[in-house]
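Asks: Can you read through this structure? Questions will come right after.
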Amino acid sequence: MKIIDAIIRKLGKKDYSVDKNTSRKETFIVLFEKGMCFFRGFYYRIFLKKCGGYLFIGKRCKIKHCHKILLGRTVIIGDNVEINALSKEGVKIGSNVSILRNSIIECTGVLRNIGEGLIIGNNVGIAQNCFIQVRGKVIIGDDVIFGPGVSVFSENHNYSDTEKPILEQGETRIGVTIENGVWIGSNAIILDGVTIGKNSIIAAGSVVNRSIPPYSIGAGIPVKIIKSLKQDN
């Protein structure tokens with residue numbers, strides 16, 4: 001176990017240790033699965049623009065336009081993840097980042113207007129079934145947590161002309177910024193033009209259609225600030 005702990009810490013997980021209740025058989029199964037992910041990642045590294053360290057890729061992943069992707073040290077991509085990196089600035093992912101199963105990063109929907117780009121910082125955890133739409137630029141800072149089912153949208157359709165179908169009125173792309181230390185609860189929706197301030201919390205199921213100041217807790221549909229963490233401290 002000590003050897004395994006040392007390996008995991010070398011991959012970037014500080015002060016990490018395997019639970020003592022895990023049997024040798026269970027540990028072997030996990031290590032075997034991670035080994036297979038490592039070999040898949042080794043293959044994908046050939047096509048990436050840059051990979052600064054270890055890459056683990058799950059089963060049945062679809063990663064398109066790899067030449068637009070820059071990775072830091074130790075990135076884990078779970079089963080069935082889809083990444084379409086076609087965008088003006090590409091996709092930049094930092095070190096010690098996990099994107100878990102069934103999540104989708106979609107930088108471009110139509111070729112007439114490709115997305116701006118995506119930046120994900122260090123020590124970021126994106127849970128299962130998340131969706132990140134990159135039309136305007138999306139910036140996710142360091143130490144950010146996404147719960148399962150979180151959605152981010154960085155585009156809005158124009159609708160002011162009642163004589164035209166919305167499809168013909170174009171779009172606005174302001175972009176989304178999620179600053180360092182933010183925790184976004186499961187199934188929350190982040191809309192275009194929003195900035196979520198440092199060390200804030202977004203409650204599960206919230207619809208965030210306005211910016212949230214740092215050290216705040218936001219909840220509701222639409223979101224409201226229900227508490228300031230700074231005041232409590």
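For the structure tokens, the naming scheme is as follows: chains receive sequential letters (A, B, ...) according to their order of presentation, residues are indexed from 1 within each chain, and ligands are indexed from 1 in presentation order.
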Can you list, as a PyMOL selection string, every residue of stretch 42-82 of chain A that DSSP puts in helix (DSSP H, G or I)?

Replies: chain A and resi 42-44+66-68

Asks: Kindly save the residues from that selection, with all heavy atoms included, as a PDB file, in the first residue's frame.

Replies:
ATOM      1  N   PHE A  42      -1.511   6.887 -23.431  1.00  0.00           N
ATOM      2  CA  PHE A  42      -0.215   6.886 -24.111  1.00  0.00           C
ATOM      3  C   PHE A  42      -0.408   6.963 -25.623  1.00  0.00           C
ATOM      4  O   PHE A  42       0.326   7.655 -26.332  1.00  0.00           O
ATOM      5  CB  PHE A  42       0.564   5.622 -23.751  1.00  0.00           C
ATOM      6  CG  PHE A  42       1.981   5.630 -24.221  1.00  0.00           C
ATOM      7  CD1 PHE A  42       2.960   6.323 -23.526  1.00  0.00           C
ATOM      8  CD2 PHE A  42       2.346   4.945 -25.367  1.00  0.00           C
ATOM      9  CE1 PHE A  42       4.281   6.338 -23.964  1.00  0.00           C
ATOM     10  CE2 PHE A  42       3.652   4.951 -25.823  1.00  0.00           C
ATOM     11  CZ  PHE A  42       4.621   5.656 -25.110  1.00  0.00           C
ATOM     12  N   TYR A  43      -1.451   6.295 -26.118  1.00  0.00           N
ATOM     13  CA  TYR A  43      -1.757   6.354 -27.551  1.00  0.00           C
ATOM     14  C   TYR A  43      -2.223   7.755 -27.950  1.00  0.00           C
ATOM     15  O   TYR A  43      -1.753   8.325 -28.946  1.00  0.00           O
ATOM     16  CB  TYR A  43      -2.840   5.321 -27.883  1.00  0.00           C
ATOM     17  CG  TYR A  43      -3.457   5.490 -29.248  1.00  0.00           C
ATOM     18  CD1 TYR A  43      -2.780   5.088 -30.398  1.00  0.00           C
ATOM     19  CD2 TYR A  43      -4.722   6.064 -29.389  1.00  0.00           C
ATOM     20  CE1 TYR A  43      -3.354   5.250 -31.650  1.00  0.00           C
ATOM     21  CE2 TYR A  43      -5.292   6.228 -30.630  1.00  0.00           C
ATOM     22  CZ  TYR A  43      -4.603   5.828 -31.766  1.00  0.00           C
ATOM     23  OH  TYR A  43      -5.173   5.988 -33.004  1.00  0.00           O
ATOM     24  N   TYR A  44      -3.124   8.357 -27.160  1.00  0.00           N
ATOM     25  CA  TYR A  44      -3.666   9.673 -27.501  1.00  0.00           C
ATOM     26  C   TYR A  44      -2.608  10.767 -27.445  1.00  0.00           C
ATOM     27  O   TYR A  44      -2.696  11.773 -28.149  1.00  0.00           O
ATOM     28  CB  TYR A  44      -4.827  10.030 -26.563  1.00  0.00           C
ATOM     29  CG  TYR A  44      -6.169   9.569 -27.063  1.00  0.00           C
ATOM     30  CD1 TYR A  44      -6.739   8.383 -26.604  1.00  0.00           C
ATOM     31  CD2 TYR A  44      -6.885  10.317 -27.990  1.00  0.00           C
ATOM     32  CE1 TYR A  44      -7.982   7.960 -27.051  1.00  0.00           C
ATOM     33  CE2 TYR A  44      -8.129   9.908 -28.447  1.00  0.00           C
ATOM     34  CZ  TYR A  44      -8.670   8.723 -27.973  1.00  0.00           C
ATOM     35  OH  TYR A  44      -9.892   8.303 -28.430  1.00  0.00           O
ATOM     36  N   CYS A  66      -7.583  16.694 -31.587  1.00  0.00           N
ATOM     37  CA  CYS A  66      -6.579  16.581 -30.519  1.00  0.00           C
ATOM     38  C   CYS A  66      -5.469  17.609 -30.663  1.00  0.00           C
ATOM     39  O   CYS A  66      -4.852  18.009 -29.657  1.00  0.00           O
ATOM     40  CB  CYS A  66      -5.979  15.174 -30.527  1.00  0.00           C
ATOM     41  SG  CYS A  66      -7.128  13.876 -30.035  1.00  0.00           S
ATOM     42  N   HIS A  67      -5.208  18.046 -31.884  1.00  0.00           N
ATOM     43  CA  HIS A  67      -4.131  19.016 -32.108  1.00  0.00           C
ATOM     44  C   HIS A  67      -4.433  20.383 -31.483  1.00  0.00           C
ATOM     45  O   HIS A  67      -3.555  21.245 -31.421  1.00  0.00           O
ATOM     46  CB  HIS A  67      -3.889  19.187 -33.611  1.00  0.00           C
ATOM     47  CG  HIS A  67      -5.045  19.787 -34.349  1.00  0.00           C
ATOM     48  ND1 HIS A  67      -6.221  19.096 -34.596  1.00  0.00           N
ATOM     49  CD2 HIS A  67      -5.225  21.025 -34.863  1.00  0.00           C
ATOM     50  CE1 HIS A  67      -7.052  19.888 -35.239  1.00  0.00           C
ATOM     51  NE2 HIS A  67      -6.475  21.063 -35.419  1.00  0.00           N
ATOM     52  N   LYS A  68      -5.666  20.580 -30.999  1.00  0.00           N
ATOM     53  CA  LYS A  68      -6.049  21.827 -30.340  1.00  0.00           C
ATOM     54  C   LYS A  68      -6.050  21.703 -28.815  1.00  0.00           C
ATOM     55  O   LYS A  68      -6.495  22.613 -28.122  1.00  0.00           O
ATOM     56  CB  LYS A  68      -7.446  22.255 -30.800  1.00  0.00           C
ATOM     57  CG  LYS A  68      -7.638  22.371 -32.306  1.00  0.00           C
ATOM     58  CD  LYS A  68      -7.010  23.622 -32.860  1.00  0.00           C
ATOM     59  CE  LYS A  68      -7.787  24.857 -32.532  1.00  0.00           C
ATOM     60  NZ  LYS A  68      -7.270  26.071 -33.204  1.00  0.00           N
TER      61      LYS A  68
END

Asks: Considering only C-alpha atoms, return as a count of residues only whatever protein or nucleic-acid residues lie within 7 Å of stretch 73-75 of chain A, sequence-local ones (same chain, fewer than 2 positions apart) excluded.

Replies: 14

Asks: Step one, run DSSP on the backbone; step two, keep only residues of stretch 124-219 of chain A assigned to strand (DSSP E); then write them as a PyMOL selection string.

Replies: chain A and resi 125-126+131-133+138-140+145-146+151-153+156-157+171-172+176-178+183-184+189-190+195-196+201-202+207-208+216-219

Asks: Put those residues in a file: N, CA and C atoms, as a compact mmCIF listing (two decimals), in the first residue's frame.

Replies:
# COMPACT_ATOMS: atom_id res chain seq x y z
N GLY A 125 -11.99 19.03 -10.44
CA GLY A 125 -12.75 17.79 -10.54
C GLY A 125 -14.10 18.02 -11.19
N ILE A 126 -14.31 17.39 -12.34
CA ILE A 126 -15.58 17.49 -13.05
C ILE A 126 -16.25 16.12 -12.98
N PHE A 131 -21.85 18.88 -18.74
CA PHE A 131 -21.85 19.39 -20.12
C PHE A 131 -21.30 20.80 -20.12
N ILE A 132 -20.23 21.02 -20.89
CA ILE A 132 -19.63 22.35 -21.01
C ILE A 132 -19.71 22.76 -22.48
N GLN A 133 -20.55 23.77 -22.76
CA GLN A 133 -20.69 24.30 -24.11
C GLN A 133 -19.75 25.49 -24.26
N VAL A 138 -14.76 30.08 -22.15
CA VAL A 138 -15.06 29.54 -20.82
C VAL A 138 -13.74 29.38 -20.06
N ILE A 139 -13.68 29.98 -18.87
CA ILE A 139 -12.49 29.89 -18.02
C ILE A 139 -12.90 29.28 -16.68
N ILE A 140 -12.25 28.19 -16.33
CA ILE A 140 -12.49 27.52 -15.05
C ILE A 140 -11.17 27.57 -14.28
N ILE A 145 -14.70 22.45 -8.15
CA ILE A 145 -15.42 21.18 -8.11
C ILE A 145 -16.75 21.33 -8.83
N PHE A 146 -17.00 20.43 -9.78
CA PHE A 146 -18.32 20.31 -10.43
C PHE A 146 -18.99 19.05 -9.90
N SER A 151 -24.19 21.87 -15.96
CA SER A 151 -24.15 22.34 -17.35
C SER A 151 -23.67 23.79 -17.40
N VAL A 152 -22.82 24.09 -18.38
CA VAL A 152 -22.32 25.44 -18.60
C VAL A 152 -22.64 25.83 -20.03
N PHE A 153 -23.28 27.00 -20.23
CA PHE A 153 -23.63 27.49 -21.56
C PHE A 153 -23.03 28.87 -21.75
N ASN A 156 -26.00 32.80 -26.06
CA ASN A 156 -27.42 33.10 -25.97
C ASN A 156 -27.95 33.45 -27.36
N HIS A 157 -29.17 33.07 -27.66
CA HIS A 157 -29.80 33.44 -28.93
C HIS A 157 -30.46 34.81 -28.80
N GLU A 171 -26.50 35.19 -32.47
CA GLU A 171 -26.23 34.84 -31.08
C GLU A 171 -25.34 35.90 -30.43
N THR A 172 -25.37 35.91 -29.11
CA THR A 172 -24.38 36.68 -28.34
C THR A 172 -23.52 35.68 -27.57
N VAL A 176 -18.14 32.64 -19.98
CA VAL A 176 -18.36 32.27 -18.58
C VAL A 176 -17.01 32.17 -17.88
N THR A 177 -16.93 32.73 -16.66
CA THR A 177 -15.73 32.61 -15.85
C THR A 177 -16.11 32.04 -14.48
N ILE A 178 -15.43 30.97 -14.11
CA ILE A 178 -15.61 30.36 -12.79
C ILE A 178 -14.27 30.46 -12.08
N TRP A 183 -17.26 25.73 -5.75
CA TRP A 183 -17.94 24.43 -5.71
C TRP A 183 -19.32 24.62 -6.32
N ILE A 184 -19.60 23.85 -7.38
CA ILE A 184 -20.90 23.92 -8.06
C ILE A 184 -21.63 22.60 -7.80
N ILE A 189 -27.07 24.87 -13.42
CA ILE A 189 -26.94 25.37 -14.79
C ILE A 189 -26.32 26.76 -14.74
N ILE A 190 -25.21 26.94 -15.46
CA ILE A 190 -24.51 28.23 -15.51
C ILE A 190 -24.73 28.81 -16.90
N THR A 195 -20.06 35.39 -14.19
CA THR A 195 -18.80 35.17 -13.48
C THR A 195 -19.14 34.72 -12.06
N ILE A 196 -18.59 33.60 -11.65
CA ILE A 196 -18.79 33.11 -10.29
C ILE A 196 -17.50 33.38 -9.52
N ILE A 201 -20.03 29.08 -3.55
CA ILE A 201 -20.74 27.80 -3.62
C ILE A 201 -22.06 28.04 -4.35
N ILE A 202 -22.36 27.16 -5.31
CA ILE A 202 -23.64 27.19 -6.01
C ILE A 202 -24.41 25.94 -5.61
N VAL A 207 -30.13 27.71 -11.13
CA VAL A 207 -29.94 28.27 -12.46
C VAL A 207 -29.25 29.62 -12.28
N VAL A 208 -28.00 29.69 -12.70
CA VAL A 208 -27.19 30.88 -12.46
C VAL A 208 -27.23 31.77 -13.69
N SER A 216 -19.51 33.74 -1.75
CA SER A 216 -20.96 33.78 -1.61
C SER A 216 -21.54 32.39 -1.81
N ILE A 217 -22.73 32.18 -1.25
CA ILE A 217 -23.52 30.98 -1.53
C ILE A 217 -24.74 31.41 -2.33
N GLY A 218 -24.90 30.83 -3.52
CA GLY A 218 -26.03 31.13 -4.37
C GLY A 218 -26.93 29.92 -4.52
N ALA A 219 -28.24 30.14 -4.52
CA ALA A 219 -29.19 29.03 -4.64
C ALA A 219 -30.47 29.53 -5.29

Asks: Taking into account only C-alpha atoms, which residue in the set A:Arg40, A:Arg210, A:Cys130, A:Arg135 is nearest to A:Ser87?

Replies: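 Nearest candidate to A:Ser87 out of A:Arg40, A:Arg210, A:Cys130, A:Arg135: A:Arg135.
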
Asks: Might you pull out every residue within 7 Å of A:Leu86, with only C-alpha atoms counted and same-chain residues fewer than 4 positions away left off, and present them as number ranges by chain?

Replies: A: 65, 68, 90, 107-108

Asks: Hey, which of A:Lys164, A:Lys34, A:Arg60, A:Arg45 ends up closest to A:Ile76? Count only C-alpha atoms.

Replies: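 Closest candidate: A:Lys34.
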
Asks: Residues within 8 Å of A:Gly181, please, as a list in words. Count only C-alpha atoms; anything in the same chain fewer than 2 positions from it doesn't count.

Replies: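 The contact residues come out as Gly141, Asp142, Asp143, Val144, Ile145, Glu179, Trp183, Lys198, Asn199 and Ser200 of chain A.
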
Asks: Between atom CA of A:Val134 and atom CA of A:Gly175, measure the distance and give it in Å to one decimal.

Replies: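 Atom CA of A:Gly175 lies at a distance of 8.1 Å from atom CA of A:Val134.
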
Asks: Check the smallest atom-to-atom distance from each of A:Val124, A:Ala85, A:Ile105, A:Ile225 to A:Gly72 using only C-alpha atoms, then report the winner.

Replies: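 That would be A:Val124, the residue with the smallest distance to A:Gly72.
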
Asks: Rounded to one decimal place, report the atom CA of A:Ile174-atom CA of A:Lys137 distance in Å.

Replies: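 These atoms are spaced 7.4 Å apart.
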
Asks: Pick the closest to A:Cys37 from A:Lys230, A:Cys61, A:Lys50, A:Thr22: which is it, counting only C-alpha atoms?

Replies: A:Cys61

Asks: Between atom CA of A:Leu111 and atom CA of A:Lys64, what is the distance, to one decimal in Å?

Replies: 14.2 Å

Asks: Rank A:Asn158, A:Asn84, A:Ser103, A:Asn129 by their smallest atom-to-atom distance to A:Gly117, using only C-alpha atoms, and report the top residue only.

Replies: A:Asn84
